[in-house]
Amino acid sequence: MAEDVEIRDVGNTGEGNTGERRGPAVPLPAADAPFDAIGLARHLLRSIRSGALATLDPEDGTPFVSLVTVATDVDGTPLMLLSRLSAHTRNLLADPRASLLFSAGGKGDPLAHPRLTVTGRVAQTPDPRARARFIARHPKAKLYADFPDFGFFALEPKAGHLNGGFAKAAFLTADELRLDLAGAETLVAGEGSAVEHMNADHGDALALYAVASGAEPGPWRLTGLDPEGMDLLAGDRTARVPFPEPVREMGALRKVLVAMAAEARAGAPPTS
């Protein structure tokens, strides 16, 4: 459909055309798109907690789509908690090729809202960080995460297809979808303690960050940190709070969080 692509070229339109046969309209590379395709794609990855997982039936290759809950690793790699009793998991163990659709949804025409499809290969991951980040994003999953038939899986991105709404689309590479964590080793290592500290002692600041980013007030809690921003959760609601500039070590993180809280307090309406 025409609304699904950023149109590079148009077909013949009738009188006055040259008669030249044109190909179909195709999305632009993210770097060439006339909007922040990379920023929007990463926002969708970080803010949406469920998606449509497409796998392949090993018997005849029929596409099989199911709904799964999703979190992200620090670099943005999609993470899932899957049961080996599920059809999609059996499909993945036979053929790891898959795609995940992240759709923002909202009122009105569903096609007017942004969505992102990430393609790649899925593999089980034993990394404890995957478990911690997933359960922080889906606290109720702690009830069954350690059942013997469940395991944590990561979708290693190969490419992404972003549709930002009418006539706004772009292709993304794996490097455009995920963050480069080079130089951020101390931030990654200290993420868990930073999240615990902020939730225990700075709930007021988290609420300020969320509201300043456009979210509604609520008992917000921090679920994850990465060099580009924070992921917050309040019940079933999420908020993605970007940092004013990339942060790659703990000292810089503290300074940015203090500055952001001060700015949010200065801009907050007075209370009666």
# chains A, B, ... in the order shown; residues from 1 in each chain; ligands from 1
call {"tool": "residues_around", "arguments": {"residues": "Arg240 (chain A)", "least_positions_apart": "6", "cutoff": "8 Å", "atoms": "only C-alpha atoms", "output": "PyMOL selection string"}}
result
chain A and resi 43+46-47+210+213+229-232
call {"tool": "write_last_selection", "arguments": {"atoms": "all heavy atoms", "output": "JSON list (two decimals), in the first residue's frame"}}
result
[["chain", "number", "residue", "atom", "x", "y", "z"],
["A", 43, "HIS", "N", 12.93, 4.19, 19.84],
["A", 43, "HIS", "CA", 11.89, 4.51, 20.82],
["A", 43, "HIS", "C", 10.84, 3.40, 20.85],
["A", 43, "HIS", "O", 10.39, 2.99, 21.94],
["A", 43, "HIS", "CB", 11.22, 5.84, 20.45],
["A", 43, "HIS", "CG", 10.08, 6.19, 21.36],
["A", 43, "HIS", "ND1", 10.25, 6.78, 22.59],
["A", 43, "HIS", "CD2", 8.73, 6.03, 21.20],
["A", 43, "HIS", "CE1", 9.07, 6.95, 23.17],
["A", 43, "HIS", "NE2", 8.14, 6.51, 22.34],
["A", 46, "ARG", "N", 12.12, 0.38, 22.74],
["A", 46, "ARG", "CA", 12.24, 0.55, 24.19],
["A", 46, "ARG", "C", 10.89, 0.72, 24.89],
["A", 46, "ARG", "O", 10.80, 0.45, 26.09],
["A", 46, "ARG", "CB", 13.10, 1.78, 24.48],
["A", 46, "ARG", "CG", 14.51, 1.73, 23.95],
["A", 46, "ARG", "CD", 15.36, 0.70, 24.63],
["A", 46, "ARG", "NE", 16.77, 0.84, 24.28],
["A", 46, "ARG", "CZ", 17.74, 0.06, 24.72],
["A", 46, "ARG", "NH1", 17.46, -0.96, 25.52],
["A", 46, "ARG", "NH2", 18.99, 0.25, 24.34],
["A", 47, "SER", "N", 9.88, 1.17, 24.19],
["A", 47, "SER", "CA", 8.64, 1.55, 24.86],
["A", 47, "SER", "C", 7.50, 0.55, 24.72],
["A", 47, "SER", "O", 6.51, 0.65, 25.44],
["A", 47, "SER", "CB", 8.17, 2.92, 24.36],
["A", 47, "SER", "OG", 7.92, 2.92, 22.96],
["A", 210, "ALA", "N", 9.40, 11.22, 34.10],
["A", 210, "ALA", "CA", 8.32, 10.68, 33.28],
["A", 210, "ALA", "C", 7.40, 11.79, 32.79],
["A", 210, "ALA", "O", 7.07, 11.86, 31.60],
["A", 210, "ALA", "CB", 7.52, 9.65, 34.08],
["A", 213, "SER", "N", 8.82, 13.98, 30.17],
["A", 213, "SER", "CA", 8.91, 13.34, 28.85],
["A", 213, "SER", "C", 7.56, 13.25, 28.16],
["A", 213, "SER", "O", 7.48, 12.76, 27.03],
["A", 213, "SER", "CB", 9.51, 11.94, 28.98],
["A", 213, "SER", "OG", 8.58, 11.04, 29.58],
["A", 229, "GLY", "N", 19.18, 6.58, 27.35],
["A", 229, "GLY", "CA", 18.06, 7.00, 28.18],
["A", 229, "GLY", "C", 17.62, 5.97, 29.19],
["A", 229, "GLY", "O", 18.33, 4.99, 29.48],
["A", 230, "MET", "N", 16.41, 6.21, 29.74],
["A", 230, "MET", "CA", 15.85, 5.38, 30.80],
["A", 230, "MET", "C", 14.52, 4.80, 30.35],
["A", 230, "MET", "O", 13.75, 5.44, 29.63],
["A", 230, "MET", "CB", 15.58, 6.23, 32.05],
["A", 230, "MET", "CG", 16.81, 6.78, 32.71],
["A", 230, "MET", "SD", 16.35, 7.80, 34.16],
["A", 230, "MET", "CE", 15.89, 9.32, 33.33],
["A", 231, "ASP", "N", 14.21, 3.59, 30.84],
["A", 231, "ASP", "CA", 12.92, 2.95, 30.61],
["A", 231, "ASP", "C", 12.16, 2.91, 31.93],
["A", 231, "ASP", "O", 12.66, 2.38, 32.93],
["A", 231, "ASP", "CB", 13.11, 1.53, 30.08],
["A", 231, "ASP", "CG", 13.81, 1.51, 28.74],
["A", 231, "ASP", "OD1", 13.49, 2.37, 27.91],
["A", 231, "ASP", "OD2", 14.67, 0.64, 28.53],
["A", 232, "LEU", "N", 10.95, 3.49, 31.94],
["A", 232, "LEU", "CA", 10.14, 3.56, 33.14],
["A", 232, "LEU", "C", 8.85, 2.76, 32.96],
["A", 232, "LEU", "O", 8.38, 2.57, 31.84],
["A", 232, "LEU", "CB", 9.80, 5.01, 33.47],
["A", 232, "LEU", "CG", 10.97, 5.98, 33.66],
["A", 232, "LEU", "CD1", 10.45, 7.38, 33.98],
["A", 232, "LEU", "CD2", 11.92, 5.50, 34.74]]
call {"tool": "residues_around", "arguments": {"residues": "Leu81 (chain A)", "least_positions_apart": "5", "cutoff": "12 Å", "atoms": "only C-alpha atoms", "output": "JSON list (two decimals) with N, CA and C atoms, in the first residue's frame"}}
result
[["chain", "number", "residue", "atom", "x", "y", "z"],
["A", 49, "ARG", "N", 5.92, -3.23, 25.03],
["A", 49, "ARG", "CA", 6.19, -4.41, 25.84],
["A", 49, "ARG", "C", 5.64, -5.71, 25.26],
["A", 50, "SER", "N", 5.01, -5.66, 24.11],
["A", 50, "SER", "CA", 4.54, -6.89, 23.48],
["A", 50, "SER", "C", 4.59, -6.72, 21.97],
["A", 67, "LEU", "N", 1.50, -13.80, 19.71],
["A", 67, "LEU", "CA", 1.74, -12.64, 20.55],
["A", 67, "LEU", "C", 2.70, -13.01, 21.67],
["A", 68, "VAL", "N", 3.75, -12.20, 21.87],
["A", 68, "VAL", "CA", 4.72, -12.44, 22.92],
["A", 68, "VAL", "C", 5.00, -11.14, 23.66],
["A", 69, "THR", "N", 5.45, -11.26, 24.89],
["A", 69, "THR", "CA", 5.91, -10.10, 25.63],
["A", 69, "THR", "C", 7.40, -9.90, 25.35],
["A", 70, "VAL", "N", 7.81, -8.63, 25.36],
["A", 70, "VAL", "CA", 9.16, -8.28, 24.91],
["A", 70, "VAL", "C", 9.80, -7.28, 25.87],
["A", 71, "ALA", "N", 11.09, -7.42, 26.06],
["A", 71, "ALA", "CA", 11.91, -6.43, 26.72],
["A", 71, "ALA", "C", 13.12, -6.19, 25.81],
["A", 72, "THR", "N", 14.06, -5.37, 26.26],
["A", 72, "THR", "CA", 15.28, -5.16, 25.48],
["A", 72, "THR", "C", 16.51, -5.28, 26.36],
["A", 86, "SER", "N", 5.36, -24.09, 23.52],
["A", 86, "SER", "CA", 4.65, -23.25, 22.56],
["A", 86, "SER", "C", 5.07, -23.57, 21.14],
["A", 88, "HIS", "N", 5.52, -21.51, 18.69],
["A", 88, "HIS", "CA", 6.55, -20.61, 18.15],
["A", 88, "HIS", "C", 7.95, -21.01, 18.61],
["A", 89, "THR", "N", 8.07, -21.52, 19.85],
["A", 89, "THR", "CA", 9.38, -21.95, 20.33],
["A", 89, "THR", "C", 9.85, -23.20, 19.59],
["A", 122, "VAL", "N", 16.70, -15.94, 16.23],
["A", 122, "VAL", "CA", 16.43, -16.05, 17.66],
["A", 122, "VAL", "C", 17.22, -17.20, 18.26],
["A", 123, "ALA", "N", 17.83, -16.95, 19.40],
["A", 123, "ALA", "CA", 18.57, -17.99, 20.11],
["A", 123, "ALA", "C", 18.36, -17.82, 21.60],
["A", 124, "GLN", "N", 18.39, -18.92, 22.32],
["A", 124, "GLN", "CA", 18.27, -18.86, 23.77],
["A", 124, "GLN", "C", 19.52, -18.21, 24.35],
["A", 125, "THR", "N", 19.34, -17.43, 25.41],
["A", 125, "THR", "CA", 20.47, -16.76, 26.04],
["A", 125, "THR", "C", 20.52, -17.10, 27.53],
["A", 126, "PRO", "N", 21.70, -17.49, 28.03],
["A", 126, "PRO", "CA", 21.83, -17.77, 29.46],
["A", 126, "PRO", "C", 22.27, -16.54, 30.26],
["A", 130, "ALA", "N", 19.76, -10.70, 30.82],
["A", 130, "ALA", "CA", 18.53, -10.84, 30.06],
["A", 130, "ALA", "C", 17.37, -11.14, 30.99],
["A", 131, "ARG", "N", 17.59, -12.03, 31.94],
["A", 131, "ARG", "CA", 16.55, -12.37, 32.91],
["A", 131, "ARG", "C", 16.17, -11.15, 33.74],
["A", 132, "ALA", "N", 17.18, -10.43, 34.25],
["A", 132, "ALA", "CA", 16.92, -9.28, 35.11],
["A", 132, "ALA", "C", 16.15, -8.19, 34.38],
["A", 133, "ARG", "N", 16.57, -7.90, 33.16],
["A", 133, "ARG", "CA", 15.91, -6.82, 32.42],
["A", 133, "ARG", "C", 14.49, -7.22, 32.00],
["A", 134, "PHE", "N", 14.30, -8.48, 31.64],
["A", 134, "PHE", "CA", 12.96, -8.91, 31.24],
["A", 134, "PHE", "C", 11.99, -8.86, 32.42],
["A", 135, "ILE", "N", 12.41, -9.38, 33.56],
["A", 135, "ILE", "CA", 11.52, -9.40, 34.72],
["A", 135, "ILE", "C", 11.26, -8.00, 35.25],
["A", 137, "ARG", "N", 10.90, -5.48, 33.41],
["A", 137, "ARG", "CA", 9.91, -4.93, 32.47],
["A", 137, "ARG", "C", 8.57, -5.64, 32.60],
["A", 138, "HIS", "N", 8.60, -6.91, 33.02],
["A", 138, "HIS", "CA", 7.37, -7.71, 33.17],
["A", 138, "HIS", "C", 7.41, -8.39, 34.55],
["A", 140, "LYS", "N", 5.34, -9.65, 36.61],
["A", 140, "LYS", "CA", 4.54, -10.86, 36.84],
["A", 140, "LYS", "C", 5.20, -12.11, 36.25],
["A", 141, "ALA", "N", 6.12, -11.91, 35.31],
["A", 141, "ALA", "CA", 6.80, -13.06, 34.71],
["A", 141, "ALA", "C", 7.67, -13.80, 35.71],
["A", 142, "LYS", "N", 7.98, -13.16, 36.83],
["A", 142, "LYS", "CA", 8.80, -13.81, 37.85],
["A", 142, "LYS", "C", 8.11, -15.06, 38.40],
["A", 144, "TYR", "N", 6.66, -17.41, 36.75],
["A", 144, "TYR", "CA", 6.86, -18.62, 35.94],
["A", 144, "TYR", "C", 8.19, -18.65, 35.19],
["A", 145, "ALA", "N", 9.02, -17.62, 35.36],
["A", 145, "ALA", "CA", 10.27, -17.54, 34.60],
["A", 145, "ALA", "C", 11.20, -18.72, 34.84],
["A", 146, "ASP", "N", 11.13, -19.30, 36.01],
["A", 146, "ASP", "CA", 12.05, -20.40, 36.34],
["A", 146, "ASP", "C", 11.42, -21.77, 36.17],
["A", 147, "PHE", "N", 10.23, -21.83, 35.58],
["A", 147, "PHE", "CA", 9.67, -23.14, 35.26],
["A", 147, "PHE", "C", 10.60, -23.83, 34.27],
["A", 149, "ASP", "N", 10.25, -25.48, 31.60],
["A", 149, "ASP", "CA", 10.01, -25.40, 30.15],
["A", 149, "ASP", "C", 10.21, -23.99, 29.60],
["A", 150, "PHE", "N", 10.50, -23.01, 30.45],
["A", 150, "PHE", "CA", 10.69, -21.64, 30.00],
["A", 150, "PHE", "C", 12.17, -21.30, 29.85],
["A", 151, "GLY", "N", 12.45, -20.38, 28.95],
["A", 151, "GLY", "CA", 13.80, -19.89, 28.77],
["A", 151, "GLY", "C", 13.78, -18.50, 28.15],
["A", 152, "PHE", "N", 14.88, -17.77, 28.32],
["A", 152, "PHE", "CA", 15.00, -16.43, 27.76],
["A", 152, "PHE", "C", 15.66, -16.51, 26.40],
["A", 153, "PHE", "N", 15.10, -15.81, 25.45],
["A", 153, "PHE", "CA", 15.57, -15.83, 24.07],
["A", 153, "PHE", "C", 15.82, -14.40, 23.59],
["A", 154, "ALA", "N", 16.82, -14.25, 22.72],
["A", 154, "ALA", "CA", 17.16, -12.95, 22.14],
["A", 154, "ALA", "C", 17.03, -13.01, 20.63],
["A", 155, "LEU", "N", 16.47, -11.96, 20.07],
["A", 155, "LEU", "CA", 16.39, -11.83, 18.61],
["A", 155, "LEU", "C", 17.58, -11.00, 18.14]]
call {"tool": "residues_around", "arguments": {"residues": "Phe243 (chain A)", "least_positions_apart": "5", "cutoff": "9 Å", "atoms": "only C-alpha atoms", "output": "list in words"}}
result
Pro227, Glu228, Gly229, Met230, Val256, Leu257 and Met260 of chain A
call {"tool": "write_last_selection", "arguments": {"atoms": "N, CA, C and O atoms", "output": "PDB file, in the first residue's frame"}}
result
ATOM      1  N   PRO A 227      22.913   3.881  27.403  1.00  0.00           N
ATOM      2  CA  PRO A 227      23.573   5.162  27.119  1.00  0.00           C
ATOM      3  C   PRO A 227      22.660   6.253  26.578  1.00  0.00           C
ATOM      4  O   PRO A 227      22.973   7.439  26.716  1.00  0.00           O
ATOM      5  N   GLU A 228      21.519   5.890  25.991  1.00  0.00           N
ATOM      6  CA  GLU A 228      20.648   6.901  25.404  1.00  0.00           C
ATOM      7  C   GLU A 228      19.511   7.351  26.307  1.00  0.00           C
ATOM      8  O   GLU A 228      18.905   8.399  26.048  1.00  0.00           O
ATOM      9  N   GLY A 229      19.182   6.575  27.354  1.00  0.00           N
ATOM     10  CA  GLY A 229      18.059   6.997  28.176  1.00  0.00           C
ATOM     11  C   GLY A 229      17.621   5.967  29.193  1.00  0.00           C
ATOM     12  O   GLY A 229      18.326   4.989  29.478  1.00  0.00           O
ATOM     13  N   MET A 230      16.410   6.207  29.742  1.00  0.00           N
ATOM     14  CA  MET A 230      15.845   5.383  30.799  1.00  0.00           C
ATOM     15  C   MET A 230      14.516   4.796  30.355  1.00  0.00           C
ATOM     16  O   MET A 230      13.754   5.439  29.628  1.00  0.00           O
ATOM     17  N   VAL A 256      24.012  13.757  34.971  1.00  0.00           N
ATOM     18  CA  VAL A 256      22.880  13.958  34.074  1.00  0.00           C
ATOM     19  C   VAL A 256      21.560  13.804  34.827  1.00  0.00           C
ATOM     20  O   VAL A 256      20.619  14.591  34.631  1.00  0.00           O
ATOM     21  N   LEU A 257      21.452  12.801  35.698  1.00  0.00           N
ATOM     22  CA  LEU A 257      20.214  12.587  36.439  1.00  0.00           C
ATOM     23  C   LEU A 257      19.907  13.759  37.364  1.00  0.00           C
ATOM     24  O   LEU A 257      18.749  14.195  37.485  1.00  0.00           O
ATOM     25  N   MET A 260      18.814  16.706  35.133  1.00  0.00           N
ATOM     26  CA  MET A 260      17.469  16.482  34.584  1.00  0.00           C
ATOM     27  C   MET A 260      16.401  16.699  35.652  1.00  0.00           C
ATOM     28  O   MET A 260      15.332  17.262  35.372  1.00  0.00           O
TER      29      MET A 260
END
call {"tool": "closest_residue", "arguments": {"among": "A:Val258, A:Ala239, A:Ala200, A:Ile38", "to": "Glu176 (chain A)", "atoms": "only C-alpha atoms"}}
result
A:Ile38
call {"tool": "select_by_dssp", "arguments": {"residues": "region 111-267 of chain A", "states": "strand (DSSP E or B)", "output": "ChimeraX atom specification"}}
result
/A:115-124,150-165,168-173,221-226,229-234,237-242
call {"tool": "select_by_dssp", "arguments": {"residues": "region 20-257 of chain A", "states": "helix (DSSP H, G or I)", "output": "JSON, numbers by chain"}}
result
{"A": [30, 31, 32, 37, 38, 39, 40, 41, 42, 43, 44, 45, 46, 47, 87, 88, 89, 90, 91, 92, 93, 94, 110, 111, 112, 128, 129, 130, 131, 132, 133, 134, 135, 136, 137, 139, 140, 141, 142, 143, 174, 175, 176, 177, 185, 186, 187, 188, 189, 190, 191, 192, 193, 194, 195, 196, 197, 198, 199, 200, 201, 203, 204, 205, 206, 207, 208, 209, 210, 211, 212, 250, 251, 252, 253, 254, 255, 256, 257]}
call {"tool": "closest_residue", "arguments": {"among": "A:Arg265, A:Leu162, A:Ala98, A:Arg178", "to": "Asp204 (chain A)", "atoms": "only C-alpha atoms"}}
result
A:Arg265
call {"tool": "closest_atom_pairs", "arguments": {"of": "region 23-122 of chain A", "to": "region 181-190 of chain A", "cutoff": "12 Å", "atoms": "only C-alpha atoms", "output": "CSV"}}
result
residue,atom,partner,partner_atom,distance
A:Asp73,CA,A:Val188,CA,10.1
A:Val74,CA,A:Val188,CA,7.2
A:Asp75,CA,A:Leu181,CA,6.7
A:Gly76,CA,A:Leu181,CA,10.3
A:Thr77,CA,A:Leu181,CA,11.9
call {"tool": "residues_around", "arguments": {"residues": "region 103-107 of chain A", "least_positions_apart": "2", "cutoff": "8 Å", "atoms": "only C-alpha atoms", "output": "NGL selection string"}}
result
:A and (44 or 48 or 51 or 101 or 109-110 or 113-116)
call {"tool": "closest_residue", "arguments": {"among": "A:Ser83, A:Ala234, A:Val65, A:Gly203", "to": "Glu216 (chain A)", "atoms": "only C-alpha atoms"}}
result
A:Ala234
call {"tool": "residues_around", "arguments": {"residues": "Asn199 (chain A)", "least_positions_apart": "6", "cutoff": "12 Å", "atoms": "only C-alpha atoms", "output": "count of residues only"}}
result
14
call {"tool": "residues_around", "arguments": {"residues": "Ala94 (chain A)", "least_positions_apart": "3", "cutoff": "8 Å", "atoms": "only C-alpha atoms", "output": "CSV table (one decimal) with N, CA, C and O atoms, in the first residue's frame"}}
result
chain,number,residue,atom,x,y,z
A,58,PRO,N,8.4,-25.7,10.6
A,58,PRO,CA,9.4,-26.5,10.0
A,58,PRO,C,8.9,-27.6,9.0
A,58,PRO,O,9.7,-28.1,8.2
A,90,ARG,N,9.0,-24.1,19.4
A,90,ARG,CA,9.3,-25.3,18.6
A,90,ARG,C,9.8,-24.9,17.2
A,90,ARG,O,10.7,-25.5,16.7
A,91,ASN,N,9.1,-24.0,16.6
A,91,ASN,CA,9.5,-23.5,15.3
A,91,ASN,C,10.9,-22.9,15.3
A,91,ASN,O,11.7,-23.2,14.4
call {"tool": "atom_distance", "arguments": {"atom1": "CA of Glu59 (chain A)", "atom2": "CA of Leu100 (chain A)"}}
result
21.2 Å
call {"tool": "decode", "arguments": {"residues": "region 175-186 of chain A", "atoms": "all heavy atoms", "output": "PDB file, in the first residue's frame"}}
result
ATOM      1  N   ASP A 175      23.048  -2.239  12.915  1.00  0.00           N
ATOM      2  CA  ASP A 175      23.798  -1.238  13.680  1.00  0.00           C
ATOM      3  C   ASP A 175      22.968   0.004  13.966  1.00  0.00           C
ATOM      4  O   ASP A 175      23.243   0.721  14.941  1.00  0.00           O
ATOM      5  CB  ASP A 175      25.064  -0.838  12.932  1.00  0.00           C
ATOM      6  CG  ASP A 175      26.104  -1.944  12.909  1.00  0.00           C
ATOM      7  OD1 ASP A 175      26.019  -2.846  13.767  1.00  0.00           O
ATOM      8  OD2 ASP A 175      26.988  -1.914  12.033  1.00  0.00           O
ATOM      9  N   GLU A 176      21.964   0.275  13.138  1.00  0.00           N
ATOM     10  CA  GLU A 176      21.089   1.424  13.391  1.00  0.00           C
ATOM     11  C   GLU A 176      20.025   1.091  14.439  1.00  0.00           C
ATOM     12  O   GLU A 176      19.547   1.982  15.145  1.00  0.00           O
ATOM     13  CB  GLU A 176      20.435   1.884  12.095  1.00  0.00           C
ATOM     14  CG  GLU A 176      21.425   2.545  11.136  1.00  0.00           C
ATOM     15  CD  GLU A 176      20.853   2.774   9.754  1.00  0.00           C
ATOM     16  OE1 GLU A 176      19.963   2.001   9.336  1.00  0.00           O
ATOM     17  OE2 GLU A 176      21.321   3.706   9.085  1.00  0.00           O
ATOM     18  N   LEU A 177      19.675  -0.175  14.552  1.00  0.00           N
ATOM     19  CA  LEU A 177      18.692  -0.583  15.542  1.00  0.00           C
ATOM     20  C   LEU A 177      19.295  -0.658  16.941  1.00  0.00           C
ATOM     21  O   LEU A 177      18.648  -0.301  17.930  1.00  0.00           O
ATOM     22  CB  LEU A 177      18.107  -1.951  15.179  1.00  0.00           C
ATOM     23  CG  LEU A 177      17.149  -1.988  13.992  1.00  0.00           C
ATOM     24  CD1 LEU A 177      16.897  -3.431  13.567  1.00  0.00           C
ATOM     25  CD2 LEU A 177      15.836  -1.308  14.341  1.00  0.00           C
ATOM     26  N   ARG A 178      20.523  -1.138  17.033  1.00  0.00           N
ATOM     27  CA  ARG A 178      21.140  -1.370  18.337  1.00  0.00           C
ATOM     28  C   ARG A 178      22.180  -0.310  18.654  1.00  0.00           C
ATOM     29  O   ARG A 178      22.779   0.299  17.769  1.00  0.00           O
ATOM     30  CB  ARG A 178      21.786  -2.752  18.377  1.00  0.00           C
ATOM     31  CG  ARG A 178      20.784  -3.889  18.289  1.00  0.00           C
ATOM     32  CD  ARG A 178      21.456  -5.217  18.483  1.00  0.00           C
ATOM     33  NE  ARG A 178      22.496  -5.447  17.484  1.00  0.00           N
ATOM     34  CZ  ARG A 178      23.236  -6.541  17.408  1.00  0.00           C
ATOM     35  NH1 ARG A 178      23.054  -7.503  18.292  1.00  0.00           N
ATOM     36  NH2 ARG A 178      24.132  -6.690  16.466  1.00  0.00           N
ATOM     37  N   LEU A 179      22.436  -0.129  19.948  1.00  0.00           N
ATOM     38  CA  LEU A 179      23.447   0.817  20.400  1.00  0.00           C
ATOM     39  C   LEU A 179      24.824   0.171  20.384  1.00  0.00           C
ATOM     40  O   LEU A 179      24.973  -1.018  20.688  1.00  0.00           O
ATOM     41  CB  LEU A 179      23.149   1.266  21.831  1.00  0.00           C
ATOM     42  CG  LEU A 179      21.840   2.004  22.090  1.00  0.00           C
ATOM     43  CD1 LEU A 179      21.753   2.366  23.568  1.00  0.00           C
ATOM     44  CD2 LEU A 179      21.743   3.246  21.234  1.00  0.00           C
ATOM     45  N   ASP A 180      25.820   0.959  20.056  1.00  0.00           N
ATOM     46  CA  ASP A 180      27.206   0.545  20.208  1.00  0.00           C
ATOM     47  C   ASP A 180      27.601   0.800  21.658  1.00  0.00           C
ATOM     48  O   ASP A 180      27.601   1.943  22.116  1.00  0.00           O
ATOM     49  CB  ASP A 180      28.087   1.354  19.255  1.00  0.00           C
ATOM     50  CG  ASP A 180      29.556   0.969  19.352  1.00  0.00           C
ATOM     51  OD1 ASP A 180      29.897   0.071  20.157  1.00  0.00           O
ATOM     52  OD2 ASP A 180      30.371   1.587  18.629  1.00  0.00           O
ATOM     53  N   LEU A 181      27.913  -0.246  22.402  1.00  0.00           N
ATOM     54  CA  LEU A 181      28.226  -0.123  23.824  1.00  0.00           C
ATOM     55  C   LEU A 181      29.711   0.042  24.108  1.00  0.00           C
ATOM     56  O   LEU A 181      30.127  -0.002  25.271  1.00  0.00           O
ATOM     57  CB  LEU A 181      27.692  -1.344  24.574  1.00  0.00           C
ATOM     58  CG  LEU A 181      26.168  -1.530  24.538  1.00  0.00           C
ATOM     59  CD1 LEU A 181      25.773  -2.780  25.324  1.00  0.00           C
ATOM     60  CD2 LEU A 181      25.451  -0.307  25.084  1.00  0.00           C
ATOM     61  N   ALA A 182      30.511   0.243  23.067  1.00  0.00           N
ATOM     62  CA  ALA A 182      31.940   0.466  23.277  1.00  0.00           C
ATOM     63  C   ALA A 182      32.136   1.706  24.140  1.00  0.00           C
ATOM     64  O   ALA A 182      31.573   2.769  23.868  1.00  0.00           O
ATOM     65  CB  ALA A 182      32.647   0.636  21.938  1.00  0.00           C
ATOM     66  N   GLY A 183      32.923   1.567  25.194  1.00  0.00           N
ATOM     67  CA  GLY A 183      33.176   2.677  26.104  1.00  0.00           C
ATOM     68  C   GLY A 183      32.140   2.819  27.195  1.00  0.00           C
ATOM     69  O   GLY A 183      32.271   3.682  28.075  1.00  0.00           O
ATOM     70  N   ALA A 184      31.088   1.978  27.161  1.00  0.00           N
ATOM     71  CA  ALA A 184      30.025   2.072  28.162  1.00  0.00           C
ATOM     72  C   ALA A 184      30.052   0.877  29.112  1.00  0.00           C
ATOM     73  O   ALA A 184      29.052   0.573  29.763  1.00  0.00           O
ATOM     74  CB  ALA A 184      28.668   2.159  27.480  1.00  0.00           C
ATOM     75  N   GLU A 185      31.190   0.227  29.215  1.00  0.00           N
ATOM     76  CA  GLU A 185      31.273  -0.993  30.020  1.00  0.00           C
ATOM     77  C   GLU A 185      30.932  -0.737  31.489  1.00  0.00           C
ATOM     78  O   GLU A 185      30.262  -1.563  32.129  1.00  0.00           O
ATOM     79  CB  GLU A 185      32.669  -1.605  29.902  1.00  0.00           C
ATOM     80  CG  GLU A 185      32.988  -2.195  28.533  1.00  0.00           C
ATOM     81  CD  GLU A 185      33.416  -1.145  27.501  1.00  0.00           C
ATOM     82  OE1 GLU A 185      33.566   0.039  27.886  1.00  0.00           O
ATOM     83  OE2 GLU A 185      33.593  -1.512  26.319  1.00  0.00           O
ATOM     84  N   THR A 186      31.386   0.374  32.056  1.00  0.00           N
ATOM     85  CA  THR A 186      31.093   0.634  33.473  1.00  0.00           C
ATOM     86  C   THR A 186      29.613   0.933  33.681  1.00  0.00           C
ATOM     87  O   THR A 186      29.047   0.566  34.715  1.00  0.00           O
ATOM     88  CB  THR A 186      31.941   1.794  34.002  1.00  0.00           C
ATOM     89  OG1 THR A 186      31.677   2.985  33.230  1.00  0.00           O
ATOM     90  CG2 THR A 186      33.428   1.466  33.915  1.00  0.00           C
TER      91      THR A 186
END
